[in-house]
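K.L.:
Just so it is clear, I am handing over work_14.txt, which has compact mmCIF, C-alpha atoms.
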```
# COMPACT_ATOMS: atom_id res chain seq x y z
CA MET A 1 36.16 -7.28 27.74
CA SER A 2 32.72 -8.83 28.10
CA ASP A 3 32.33 -12.19 29.83
CA ILE A 4 30.62 -14.30 27.18
CA SER A 5 29.54 -17.92 26.96
CA VAL A 6 28.50 -19.73 23.79
CA ALA A 7 26.68 -22.95 22.95
CA ALA A 8 25.36 -24.70 19.85
CA VAL A 9 23.41 -27.93 19.32
CA THR A 10 22.04 -29.77 16.28
CA LEU A 11 19.50 -32.61 16.25
CA THR A 12 18.30 -34.76 13.36
CA GLY A 13 14.62 -34.33 12.59
CA GLN A 14 12.10 -37.17 12.51
CA LYS A 15 11.77 -36.94 8.71
CA HIS A 16 15.41 -37.86 8.31
CA ARG A 17 15.43 -40.41 11.11
CA HIS A 18 12.60 -42.41 9.58
CA ARG A 19 14.26 -42.44 6.15
CA GLY A 20 17.79 -42.99 7.43
CA VAL A 21 18.92 -39.70 5.91
CA PRO A 22 21.86 -37.86 7.53
CA CYS A 23 21.23 -34.55 9.29
CA GLU A 24 21.69 -31.59 6.95
CA ASP A 25 21.91 -28.90 9.65
CA ALA A 26 25.18 -27.80 11.22
CA SER A 27 26.12 -25.55 14.14
CA LEU A 28 29.32 -24.33 15.76
CA ALA A 29 30.17 -22.08 18.71
CA VAL A 30 33.75 -20.91 19.31
CA ILE A 31 35.63 -18.47 21.53
CA SER A 32 39.16 -17.64 20.37
CA LYS A 33 41.48 -14.62 20.14
CA GLY A 34 39.02 -12.48 22.10
CA VAL A 35 36.20 -13.20 19.61
CA SER A 36 33.05 -15.16 20.41
CA VAL A 37 31.16 -16.67 17.46
CA VAL A 38 28.01 -18.74 17.09
CA CYS A 39 26.97 -19.99 13.66
CA VAL A 40 24.16 -22.25 12.42
CA ALA A 41 23.33 -23.46 8.89
CA ASP A 42 20.57 -25.50 7.30
CA GLY A 43 21.46 -27.62 4.29
CA ALA A 44 18.89 -27.47 1.49
CA GLY A 45 16.58 -30.48 1.49
CA SER A 46 15.53 -31.06 -2.11
CA LYS A 47 16.99 -33.91 -4.18
CA GLN A 48 19.22 -31.69 -6.33
CA TYR A 49 21.12 -30.53 -3.23
CA THR A 50 22.96 -33.83 -2.92
CA HIS A 51 25.81 -32.58 -0.70
CA ALA A 52 24.02 -29.91 1.30
CA ARG A 53 25.11 -31.40 4.61
CA PHE A 54 28.73 -30.90 3.61
CA GLY A 55 27.95 -27.35 2.58
CA SER A 56 26.35 -26.45 5.92
CA ALA A 57 29.21 -28.02 7.90
CA ALA A 58 31.80 -26.17 5.82
CA ALA A 59 29.84 -22.92 6.08
CA VAL A 60 29.76 -22.76 9.88
CA LYS A 61 33.48 -23.60 10.13
CA THR A 62 34.43 -21.07 7.44
CA ILE A 63 32.45 -18.24 9.03
CA CYS A 64 33.75 -18.92 12.53
CA ASP A 65 37.33 -18.88 11.25
CA LEU A 66 36.71 -15.70 9.26
CA MET A 67 35.20 -13.87 12.23
CA ILE A 68 37.94 -14.96 14.62
CA ASP A 69 40.83 -14.10 12.30
CA HIS A 70 39.46 -10.90 10.74
CA PHE A 71 36.82 -9.45 13.07
CA ASP A 72 38.31 -5.94 13.16
CA ALA A 73 38.79 -5.69 9.40
CA LEU A 74 35.15 -6.66 8.81
CA TYR A 75 33.73 -4.47 11.55
CA ASN A 76 35.74 -1.38 10.64
CA GLU A 77 34.91 -1.52 6.93
CA ASN A 78 32.19 1.03 6.18
CA ARG A 79 31.24 -0.40 2.77
CA GLU A 80 28.61 -2.90 3.83
CA ALA A 81 28.23 -4.25 0.30
CA ALA A 82 31.94 -5.05 0.24
CA VAL A 83 31.70 -6.93 3.55
CA ARG A 84 28.69 -8.94 2.39
CA ALA A 85 30.46 -9.81 -0.87
CA LEU A 86 33.60 -10.89 1.00
CA ILE A 87 31.65 -13.17 3.34
CA ILE A 88 29.98 -14.93 0.42
CA ALA A 89 33.31 -15.12 -1.42
CA ALA A 90 34.93 -16.81 1.59
CA LEU A 91 32.18 -19.45 1.55
CA HIS A 92 32.53 -20.04 -2.18
CA VAL A 93 36.30 -20.43 -1.87
CA ARG A 94 35.74 -23.21 0.67
CA PHE A 95 32.94 -24.74 -1.42
CA ALA A 96 35.28 -24.88 -4.42
CA ASP A 97 37.46 -27.29 -2.44
CA LEU A 98 34.41 -29.47 -1.78
CA ILE A 99 33.47 -29.43 -5.46
CA GLU A 100 36.91 -30.82 -6.30
CA GLU A 101 36.89 -33.27 -3.40
CA TYR A 102 33.50 -34.80 -4.25
CA GLN A 103 33.69 -34.18 -8.03
CA LEU A 104 30.45 -32.20 -8.01
CA ASP A 105 28.92 -30.69 -11.13
CA SER A 106 27.73 -27.43 -9.56
CA LEU A 107 27.96 -25.13 -6.55
CA GLU A 108 24.23 -25.64 -6.02
CA ARG A 109 24.83 -29.15 -4.66
CA LEU A 110 26.20 -27.57 -1.46
CA SER A 111 23.34 -25.11 -0.86
CA CYS A 112 22.51 -24.01 2.68
CA THR A 113 21.16 -21.11 4.70
CA LEU A 114 23.38 -19.33 7.22
CA MET A 115 23.17 -17.31 10.43
CA PHE A 116 26.01 -16.04 12.59
CA CYS A 117 26.68 -13.72 15.53
CA ALA A 118 30.20 -12.58 16.43
CA VAL A 119 31.26 -10.39 19.37
CA LYS A 120 34.54 -8.76 20.32
CA GLY A 121 34.53 -6.41 23.30
CA ARG A 122 31.32 -4.40 22.88
CA LYS A 123 31.26 -4.80 19.11
CA MET A 124 28.81 -7.22 17.52
CA MET A 125 28.19 -8.42 13.96
CA ILE A 126 25.21 -10.48 12.82
CA GLY A 127 24.65 -12.07 9.43
CA HIS A 128 21.71 -14.02 8.03
CA ILE A 129 20.69 -15.41 4.65
CA GLY A 130 17.65 -17.63 4.20
CA ASP A 131 14.97 -18.82 6.61
CA GLY A 132 15.49 -19.43 10.30
CA MET A 133 15.73 -16.56 12.77
CA VAL A 134 18.11 -14.57 14.95
CA ALA A 135 16.52 -13.28 18.18
CA ARG A 136 17.64 -10.73 20.74
CA ILE A 137 17.04 -11.35 24.45
CA SER A 138 17.22 -8.17 26.52
CA PRO A 139 15.95 -7.10 29.96
CA SER A 140 12.75 -5.90 28.27
CA GLY A 141 11.97 -9.15 26.46
CA VAL A 142 12.60 -11.24 23.33
CA SER A 143 12.37 -9.91 19.79
CA PRO A 144 13.54 -10.95 16.32
CA ILE A 145 16.66 -9.29 14.93
CA THR A 146 16.34 -10.95 11.53
CA MET A 147 13.22 -12.78 10.42
CA PRO A 148 12.80 -15.76 8.08
CA GLN A 149 13.60 -14.87 4.49
CA ASN A 150 11.38 -16.78 2.11
CA GLY A 151 11.58 -16.80 -1.67
CA THR A 152 8.74 -16.74 -4.16
CA ASN A 153 6.62 -18.85 -1.79
CA ALA A 154 6.59 -19.87 1.88
CA SER A 155 8.39 -23.16 1.20
CA SER A 156 11.35 -21.61 -0.64
CA THR A 157 14.25 -19.51 0.62
CA TYR A 158 17.65 -18.12 -0.35
CA PHE A 159 20.96 -19.94 -0.03
CA VAL A 160 24.60 -18.88 0.17
CA THR A 161 25.09 -20.49 -3.23
CA ALA A 162 22.43 -18.34 -4.93
CA SER A 163 23.25 -15.99 -7.76
CA HIS A 164 23.90 -12.57 -6.18
CA ALA A 165 23.81 -14.22 -2.72
CA SER A 166 25.47 -11.15 -1.18
CA ASP A 167 22.36 -9.13 -2.09
CA TYR A 168 20.28 -11.41 0.11
CA LEU A 169 22.73 -11.56 3.00
CA ARG A 170 21.47 -9.34 5.79
CA PHE A 171 24.39 -7.87 7.73
CA ILE A 172 24.11 -5.91 10.98
CA LYS A 173 26.97 -4.11 12.72
CA THR A 174 26.10 -2.93 16.22
CA THR A 175 27.06 -3.30 19.90
CA ILE A 176 26.03 -5.58 22.76
CA ASP A 177 24.67 -2.69 24.83
CA ASP A 178 21.42 -3.74 26.53
CA VAL A 179 21.74 -7.27 25.12
CA HIS A 180 21.48 -10.27 27.45
CA ALA A 181 21.78 -12.99 24.82
CA VAL A 182 21.44 -13.66 21.11
CA ALA A 183 19.74 -16.86 19.92
CA LEU A 184 20.15 -18.29 16.42
CA MET A 185 17.94 -21.08 15.08
CA THR A 186 17.27 -22.92 11.84
CA ASP A 187 13.68 -23.26 10.67
CA GLY A 188 13.38 -26.62 12.45
CA VAL A 189 13.30 -24.63 15.70
CA GLN A 190 11.98 -21.33 14.39
CA ASP A 191 8.71 -22.84 13.18
CA SER A 192 7.87 -23.83 16.77
CA VAL A 193 8.88 -20.67 18.61
CA TYR A 194 8.06 -17.79 16.25
CA ASP A 195 4.69 -16.49 15.09
CA GLU A 196 5.27 -14.76 11.79
CA ASN A 197 1.76 -13.30 11.75
CA SER A 198 2.36 -11.29 14.92
CA GLY A 199 6.17 -11.13 15.11
CA LEU A 200 6.05 -12.76 18.56
CA VAL A 201 9.02 -14.81 19.75
CA LYS A 202 7.80 -17.22 22.43
CA PRO A 203 9.23 -16.93 25.99
CA VAL A 204 10.75 -20.42 25.69
CA VAL A 205 13.59 -18.89 23.64
CA ALA A 206 14.63 -16.80 26.66
CA LYS A 207 14.47 -19.89 28.86
CA MET A 208 16.59 -21.85 26.39
CA ALA A 209 19.18 -19.07 26.32
CA GLU A 210 19.23 -18.97 30.11
CA THR A 211 20.54 -22.55 30.27
CA LEU A 212 23.97 -21.05 29.60
CA SER A 213 23.98 -19.47 33.06
CA SER A 214 25.08 -22.94 34.29
CA GLY A 215 27.93 -23.27 31.81
CA ARG A 216 28.28 -24.59 28.29
CA GLU A 217 28.44 -28.32 28.94
CA LYS A 218 25.23 -28.43 30.97
CA ALA A 219 23.55 -25.92 28.69
CA GLU A 220 24.10 -28.03 25.59
CA LEU A 221 22.74 -31.12 27.33
CA ASP A 222 19.67 -29.19 28.52
CA LEU A 223 19.10 -27.64 25.09
CA LYS A 224 19.16 -31.04 23.42
CA LYS A 225 16.61 -32.34 25.90
CA ILE A 226 14.31 -29.35 25.37
CA ILE A 227 14.51 -29.52 21.57
CA GLU A 228 14.12 -33.31 21.50
CA LYS A 229 11.06 -33.28 23.78
CA HIS A 230 9.20 -30.19 22.60
CA ILE A 231 10.28 -29.72 18.97
CA VAL A 232 11.87 -32.69 17.20
CA GLY A 233 9.99 -35.36 19.15
CA ALA A 234 6.70 -33.49 19.02
CA SER A 235 6.03 -34.37 15.37
CA ASN A 236 6.73 -37.33 13.12
CA ASN A 237 7.42 -34.82 10.35
CA SER A 238 9.86 -32.60 12.24
CA ASP A 239 12.84 -31.11 10.44
CA ASP A 240 16.49 -31.03 11.49
CA ALA A 241 16.90 -28.49 14.28
CA SER A 242 19.84 -26.30 15.26
CA PHE A 243 19.99 -23.76 18.07
CA GLY A 244 22.90 -21.53 19.06
CA VAL A 245 23.29 -19.00 21.88
CA LEU A 246 25.71 -16.19 22.59
CA TYR A 247 25.19 -15.34 26.27
CA ILE A 248 26.55 -12.28 28.08
CA ASN A 249 27.29 -13.26 31.67
CA GLY A 250 26.38 -10.70 34.32
CA SER A 251 23.84 -8.91 32.13
CA ASN A 252 20.22 -8.57 33.13
CA ALA A 253 17.83 -11.30 32.01
CA PRO A 254 14.17 -10.55 31.25
CA ASP A 255 11.53 -11.43 33.81
CA ALA A 256 10.17 -14.71 32.42
CA GLY A 257 6.85 -14.19 34.18
CA LYS A 258 6.26 -10.92 32.36
CA LEU A 259 7.08 -12.07 28.83
CA ALA A 260 4.19 -12.00 26.38
CA THR A 261 2.84 -15.40 25.40
CA SER A 262 0.56 -14.10 22.65
CA ALA A 263 0.14 -11.04 20.45
CA ASP A 264 -2.32 -9.69 17.93
CA ALA A 265 -1.55 -10.36 14.31
CA PHE A 266 -0.06 -7.49 12.34
CA PRO A 267 -2.78 -5.43 10.66
CA SER A 268 -3.47 -6.71 7.18
CA SER A 269 -2.53 -4.52 4.24
CA GLN A 270 -3.05 -4.69 0.50
CA ASP A 271 0.15 -2.74 -0.14
CA THR A 272 2.84 -4.93 -1.71
CA PHE A 273 6.44 -4.26 -2.68
CA LYS A 274 5.73 -5.23 -6.28
CA GLU A 275 2.95 -2.64 -6.48
CA LEU A 276 5.28 -0.07 -4.91
CA GLN A 277 7.90 -0.81 -7.56
CA ASN A 278 5.37 -0.49 -10.37
CA SER A 279 4.03 2.81 -9.02
CA MET A 280 7.55 4.29 -9.04
CA ILE A 281 8.48 3.24 -12.58
CA PRO A 282 7.25 6.45 -14.33
CA GLY A 283 9.08 8.66 -11.85
CA VAL A 284 12.25 6.57 -12.10
CA LYS A 285 12.22 6.74 -15.91
CA ASN A 286 11.76 10.51 -15.80
CA ALA A 287 14.55 10.86 -13.23
CA ARG A 288 16.90 8.82 -15.43
CA ARG A 289 16.12 11.08 -18.40
CA ILE A 290 16.83 14.22 -16.37
CA ILE A 291 20.06 12.78 -14.97
CA SER A 292 21.21 11.69 -18.45
CA GLU A 293 20.52 15.16 -19.87
CA ALA A 294 22.40 16.75 -16.98
CA LEU A 295 25.39 14.52 -17.64
CA ALA A 296 25.30 15.44 -21.31
CA ARG A 297 25.29 19.15 -20.43
CA LYS A 298 28.14 18.61 -18.03
CA SER A 299 30.16 16.94 -20.78
CA VAL A 300 29.76 19.97 -23.07
CA THR A 301 30.23 22.48 -20.24
CA GLY A 302 33.29 20.63 -19.04
CA GLU A 303 35.00 21.10 -22.45
CA THR A 304 34.06 24.80 -22.51
CA ASP A 305 35.35 25.29 -18.99
CA GLU A 306 38.65 23.73 -20.03
CA VAL A 307 38.95 26.11 -22.98
CA LEU A 308 38.07 29.09 -20.80
CA GLN A 309 40.68 28.00 -18.30
CA LYS A 310 43.32 27.92 -21.06
CA LYS A 311 42.23 31.36 -22.22
CA GLY A 312 42.58 32.62 -18.69
CA GLU A 313 46.05 31.17 -18.45
CA VAL A 314 47.04 32.90 -21.73
CA GLU A 315 45.64 36.25 -20.57
CA LYS A 316 47.41 35.87 -17.26
CA ALA A 317 50.68 35.11 -19.03
CA ALA A 318 50.24 38.18 -21.22
CA SER A 319 49.49 40.34 -18.19
CA GLU A 320 52.52 39.03 -16.34
CA THR A 321 54.71 39.63 -19.39
CA GLU A 322 53.48 43.20 -19.67
CA ALA A 323 54.03 43.81 -15.99
CA LYS A 324 57.61 42.66 -16.27
CA ILE A 325 58.51 45.34 -18.88
CA PRO A 326 61.10 47.55 -17.19
CA ASN A 327 60.89 51.33 -17.10
CA VAL A 328 63.77 52.08 -19.54
CA PRO A 329 64.56 54.91 -21.95
CA ILE A 330 62.67 55.21 -25.25
CA GLN A 331 65.66 53.95 -27.24
CA ALA A 332 65.81 50.73 -25.20
CA ARG A 333 62.07 50.24 -25.56
CA LYS A 334 62.38 50.47 -29.34
CA LYS A 335 64.97 47.71 -29.27
CA ASN A 336 62.57 45.45 -27.36
CA ARG A 337 59.53 46.07 -29.57
CA ILE A 338 60.56 43.23 -31.86
CA LEU A 339 60.72 40.87 -28.90
CA TYR A 340 57.28 42.06 -27.71
CA ALA A 341 55.90 41.52 -31.18
CA ILE A 342 57.21 37.97 -31.15
CA VAL A 343 55.64 37.33 -27.76
CA PHE A 344 52.35 38.84 -28.97
CA ILE A 345 52.39 36.66 -32.10
CA GLU A 346 52.98 33.58 -29.94
CA LEU A 347 50.06 34.55 -27.72
CA ILE A 348 47.83 34.98 -30.79
CA ALA A 349 48.93 31.55 -32.02
CA ILE A 350 48.00 30.01 -28.64
CA LEU A 351 44.59 31.70 -28.74
CA LEU A 352 43.96 30.40 -32.24
CA LEU A 353 44.92 26.89 -31.10
CA VAL A 354 42.51 27.14 -28.18
CA LEU A 355 39.68 28.30 -30.46
CA LYS A 356 40.44 25.45 -32.83
CA LEU A 357 40.15 22.96 -29.98
CA LEU A 358 36.86 24.56 -28.93
CA PHE A 359 35.21 24.05 -32.33
CA MET A 360 36.63 20.62 -33.16
```
Mind converting the file's structure to structure tokens?
P.N.:
Amino acid sequence: MSDISVAAVTLTGQKHRHRGVPCEDASLAVISKGVSVVCVADGAGSKQYTHARFGSAAAVKTICDLMIDHFDALYNENREAAVRALIIAALHVRFADLIEEYQLDSLERLSCTLMFCAVKGRKMMIGHIGDGMVARISPSGVSPITMPQNGTNASSTYFVTASHASDYLRFIKTTIDDVHAVALMTDGVQDSVYDENSGLVKPVVAKMAETLSSGREKAELDLKKIIEKHIVGASNNSDDASFGVLYINGSNAPDAGKLATSADAFPSSQDTFKELQNSMIPGVKNARRIISEALARKSVTGETDEVLQKKGEVEKAASETEAKIPNVPIQARKKNRILYAIVFIELIAILLLVLKLLFM
């Protein structure tokens, strides 16, 4: 079993401090029953999301409990869509309790993003819906596992309460091989440490993860100091900030002095997913027509095959009946001709019934 440490911290952003608004982020890190889990969530900030802070707090607790109690069932299930749907269902079950408790008028009031990482032995599961980021720290460097997921514009995202939320939940099932640590962060941290134009995760993320080498208690104190000084305290408009780490003790850390501090922006491209969809529409329509026609042919052929099978069974029965006729004297054969005629008439009747079924 791997030697793993976990940590999670949440700080209120300056925007909320100045207005006296409670923090809407939540984070939780737990080790229990051989499972290590780190989970962070960011409650939606707009006015209609009145109880988002309760949603994010419930989300991290629900996911940690789910991973600890049912890790193997989730990891061993090969139907990814079923796993994603179950995770969202577990959240909605918990949110239903909150709706009753606070007499809310909709699930949307509890909206939040979500990220989690769970490890048991060498097995690892990662889930992410919405903005924020999950990053992998390995001996070779720091890289994003899941990137921010924005909606129709850069200021919007997807929440666990969204219609068809399971479609937006990114779910990864892998192992911890060649992993030193996994860092999870809400957009209050992500905006400061990730360059979306180049895909570069700044070296400070590796340094923040490395605080766990001194144990959880000290790590969480150090992480709060780093986030307060360099992220939350660096701007009067800073957002709530959550940062979680799953750290594999004894694994090889990257050489901080060799980590890239800058990178070229990704080459620009005019190709968009919407254009790709539109370009495929004619081919998709034609494919649907061909598939529909094939299904129609199969329906007709299937009935014919059934009739032919019945005919074959009748012919086989007739052959077996004929084969069973004993080699007896002519007088005995004459006595049995009536019986054979009856059998033959029955076979003809069966054939006629089959033909009738064929042309109905």
K.L.:
I'd like the contact shell of A:Pro148 - 12 Å cut-off, only C-alpha atoms, skipping same-chain residues fewer than 4 positions apart - returned as a PyMOL selection string.
P.N.:
chain A and resi 113-115+128-135+144+154-158+168-170+184-191+194-197+199
K.L.:
Suppose you want the space between atom CA of A:Gly121 and atom CA of A:Phe71; what is it in Å?
P.N.:
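Between these atoms lies a distance of 10.9 Å.
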K.L.:
Return the single residue from A:Ala234, A:Val300, A:Leu246, A:Val21 that is closest to A:Phe116, with distances computed using only C-alpha atoms.
P.N.:
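Closest to A:Phe116 of all the choices is A:Leu246.
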K.L.:
Which protein, DNA or RNA residues have an atom at most 12 Å from (33.8, -16.2, -0.1), counting only C-alpha atoms? List them as a PDB file with C-alpha atoms, keeping the file's coordinate frame.
P.N.:
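Dumped to selection21.pdb:
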```
ATOM      1  CA  ALA A  58      31.800 -26.170   5.820  1.00  0.00           C
ATOM      2  CA  ALA A  59      29.840 -22.920   6.080  1.00  0.00           C
ATOM      3  CA  THR A  62      34.430 -21.070   7.440  1.00  0.00           C
ATOM      4  CA  ILE A  63      32.450 -18.240   9.030  1.00  0.00           C
ATOM      5  CA  LEU A  66      36.710 -15.700   9.260  1.00  0.00           C
ATOM      6  CA  ALA A  82      31.940  -5.050   0.240  1.00  0.00           C
ATOM      7  CA  VAL A  83      31.700  -6.930   3.550  1.00  0.00           C
ATOM      8  CA  ARG A  84      28.690  -8.940   2.390  1.00  0.00           C
ATOM      9  CA  ALA A  85      30.460  -9.810  -0.870  1.00  0.00           C
ATOM     10  CA  LEU A  86      33.600 -10.890   1.000  1.00  0.00           C
ATOM     11  CA  ILE A  87      31.650 -13.170   3.340  1.00  0.00           C
ATOM     12  CA  ILE A  88      29.980 -14.930   0.420  1.00  0.00           C
ATOM     13  CA  ALA A  89      33.310 -15.120  -1.420  1.00  0.00           C
ATOM     14  CA  ALA A  90      34.930 -16.810   1.590  1.00  0.00           C
ATOM     15  CA  LEU A  91      32.180 -19.450   1.550  1.00  0.00           C
ATOM     16  CA  HIS A  92      32.530 -20.040  -2.180  1.00  0.00           C
ATOM     17  CA  VAL A  93      36.300 -20.430  -1.870  1.00  0.00           C
ATOM     18  CA  ARG A  94      35.740 -23.210   0.670  1.00  0.00           C
ATOM     19  CA  PHE A  95      32.940 -24.740  -1.420  1.00  0.00           C
ATOM     20  CA  ALA A  96      35.280 -24.880  -4.420  1.00  0.00           C
ATOM     21  CA  ASP A  97      37.460 -27.290  -2.440  1.00  0.00           C
ATOM     22  CA  VAL A 160      24.600 -18.880   0.170  1.00  0.00           C
ATOM     23  CA  THR A 161      25.090 -20.490  -3.230  1.00  0.00           C
ATOM     24  CA  ALA A 165      23.810 -14.220  -2.720  1.00  0.00           C
ATOM     25  CA  SER A 166      25.470 -11.150  -1.180  1.00  0.00           C
TER      26      SER A 166
END
```
K.L.:
Residues at most 6 Å from stretch 254-264 of chain A, counting all atoms listed in the file, excluding those fewer than 2 positions away in the same chain, as an NGL selection string?
P.N.:
:A and (139-141 or 198)
K.L.:
Work out how far atom CA of A:Thr10 is from atom CA of A:Tyr49, in Å to one decimal.
P.N.:
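Computed distance, atom CA of A:Tyr49 to atom CA of A:Thr10, equals 19.5 Å.
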K.L.:
Pick from A:Glu228, A:Glu275, A:Asp25, A:Asp69: nearest to A:Val37, with all atoms listed in the file counted?
P.N.:
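Using all atoms listed in the file, the shortest distance to A:Val37 belongs to A:Asp69.
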K.L.:
Using all atoms listed in the file, collect all residues at a distance of at most 12 Å from (6.1, -31.3, 11.0) as written in the file, then present them as a list in words.
P.N.:
Gly13, Gln14, Lys15, His16, Asp187, Gly188, Val189, Asp191, Ser192, Ile231, Val232, Gly233, Ala234, Ser235, Asn236, Asn237, Ser238, Asp239, Asp240 and Ala241 of chain A
K.L.:
Which one of A:Ile291, A:Met280, A:Val6, A:Val179 sits closest to A:Ser32 if you count only C-alpha atoms?
P.N.:
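Selected residue with least distance to A:Ser32: A:Val6.
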K.L.:
Show me that you can extract stretch 53-73 of chain A, keeping N, CA and C atoms, and write it as an mmCIF file, in the first residue's frame.
P.N.:
```
data_model
loop_
_atom_site.group_PDB
_atom_site.id
_atom_site.type_symbol
_atom_site.label_atom_id
_atom_site.label_comp_id
_atom_site.auth_asym_id
_atom_site.auth_seq_id
_atom_site.Cartn_x
_atom_site.Cartn_y
_atom_site.Cartn_z
ATOM 1 N N ARG A 53 -22.748 28.099 -0.914
ATOM 2 C CA ARG A 53 -21.731 27.687 0.061
ATOM 3 C C ARG A 53 -22.118 26.385 0.754
ATOM 4 N N PHE A 54 -23.436 26.194 0.933
ATOM 5 C CA PHE A 54 -23.899 24.945 1.535
ATOM 6 C C PHE A 54 -23.762 23.789 0.527
ATOM 7 N N GLY A 55 -23.963 24.120 -0.732
ATOM 8 C CA GLY A 55 -23.795 23.109 -1.774
ATOM 9 C C GLY A 55 -22.365 22.628 -1.876
ATOM 10 N N SER A 56 -21.400 23.561 -1.863
ATOM 11 C CA SER A 56 -19.994 23.162 -1.988
ATOM 12 C C SER A 56 -19.540 22.367 -0.763
ATOM 13 N N ALA A 57 -19.983 22.771 0.421
ATOM 14 C CA ALA A 57 -19.601 22.031 1.638
ATOM 15 C C ALA A 57 -20.183 20.620 1.630
ATOM 16 N N ALA A 58 -21.443 20.505 1.186
ATOM 17 C CA ALA A 58 -22.070 19.184 1.116
ATOM 18 C C ALA A 58 -21.427 18.327 0.036
ATOM 19 N N ALA A 59 -21.013 18.964 -1.062
ATOM 20 C CA ALA A 59 -20.427 18.217 -2.176
ATOM 21 C C ALA A 59 -19.122 17.540 -1.782
ATOM 22 N N VAL A 60 -18.229 18.271 -1.121
ATOM 23 C CA VAL A 60 -16.934 17.671 -0.771
ATOM 24 C C VAL A 60 -17.108 16.545 0.243
ATOM 25 N N LYS A 61 -18.036 16.715 1.179
ATOM 26 C CA LYS A 61 -18.284 15.656 2.173
ATOM 27 C C LYS A 61 -18.906 14.434 1.508
ATOM 28 N N THR A 62 -19.869 14.648 0.620
ATOM 29 C CA THR A 62 -20.548 13.538 -0.055
ATOM 30 C C THR A 62 -19.571 12.728 -0.901
ATOM 31 N N ILE A 63 -18.723 13.415 -1.657
ATOM 32 C CA ILE A 63 -17.777 12.716 -2.532
ATOM 33 C C ILE A 63 -16.732 11.961 -1.726
ATOM 34 N N CYS A 64 -16.225 12.558 -0.674
ATOM 35 C CA CYS A 64 -15.245 11.846 0.157
ATOM 36 C C CYS A 64 -15.849 10.579 0.748
ATOM 37 N N ASP A 65 -17.069 10.681 1.251
ATOM 38 C CA ASP A 65 -17.744 9.494 1.806
ATOM 39 C C ASP A 65 -17.954 8.431 0.730
ATOM 40 N N LEU A 66 -18.380 8.870 -0.450
ATOM 41 C CA LEU A 66 -18.640 7.927 -1.544
ATOM 42 C C LEU A 66 -17.371 7.190 -1.954
ATOM 43 N N MET A 67 -16.279 7.916 -2.077
ATOM 44 C CA MET A 67 -15.019 7.299 -2.488
ATOM 45 C C MET A 67 -14.488 6.333 -1.428
ATOM 46 N N ILE A 68 -14.614 6.711 -0.176
ATOM 47 C CA ILE A 68 -14.111 5.862 0.908
ATOM 48 C C ILE A 68 -14.928 4.579 1.032
ATOM 49 N N ASP A 69 -16.240 4.706 0.940
ATOM 50 C CA ASP A 69 -17.113 3.540 1.144
ATOM 51 C C ASP A 69 -17.260 2.650 -0.084
ATOM 52 N N HIS A 70 -17.047 3.199 -1.280
ATOM 53 C CA HIS A 70 -17.350 2.434 -2.497
ATOM 54 C C HIS A 70 -16.274 2.573 -3.581
ATOM 55 N N PHE A 71 -15.037 2.754 -3.172
ATOM 56 C CA PHE A 71 -13.956 2.943 -4.143
ATOM 57 C C PHE A 71 -13.892 1.800 -5.157
ATOM 58 N N ASP A 72 -13.879 0.570 -4.665
ATOM 59 C CA ASP A 72 -13.707 -0.584 -5.563
ATOM 60 C C ASP A 72 -14.857 -0.708 -6.560
ATOM 61 N N ALA A 73 -16.078 -0.511 -6.084
ATOM 62 C CA ALA A 73 -17.231 -0.617 -6.982
ATOM 63 C C ALA A 73 -17.138 0.408 -8.103
#
```
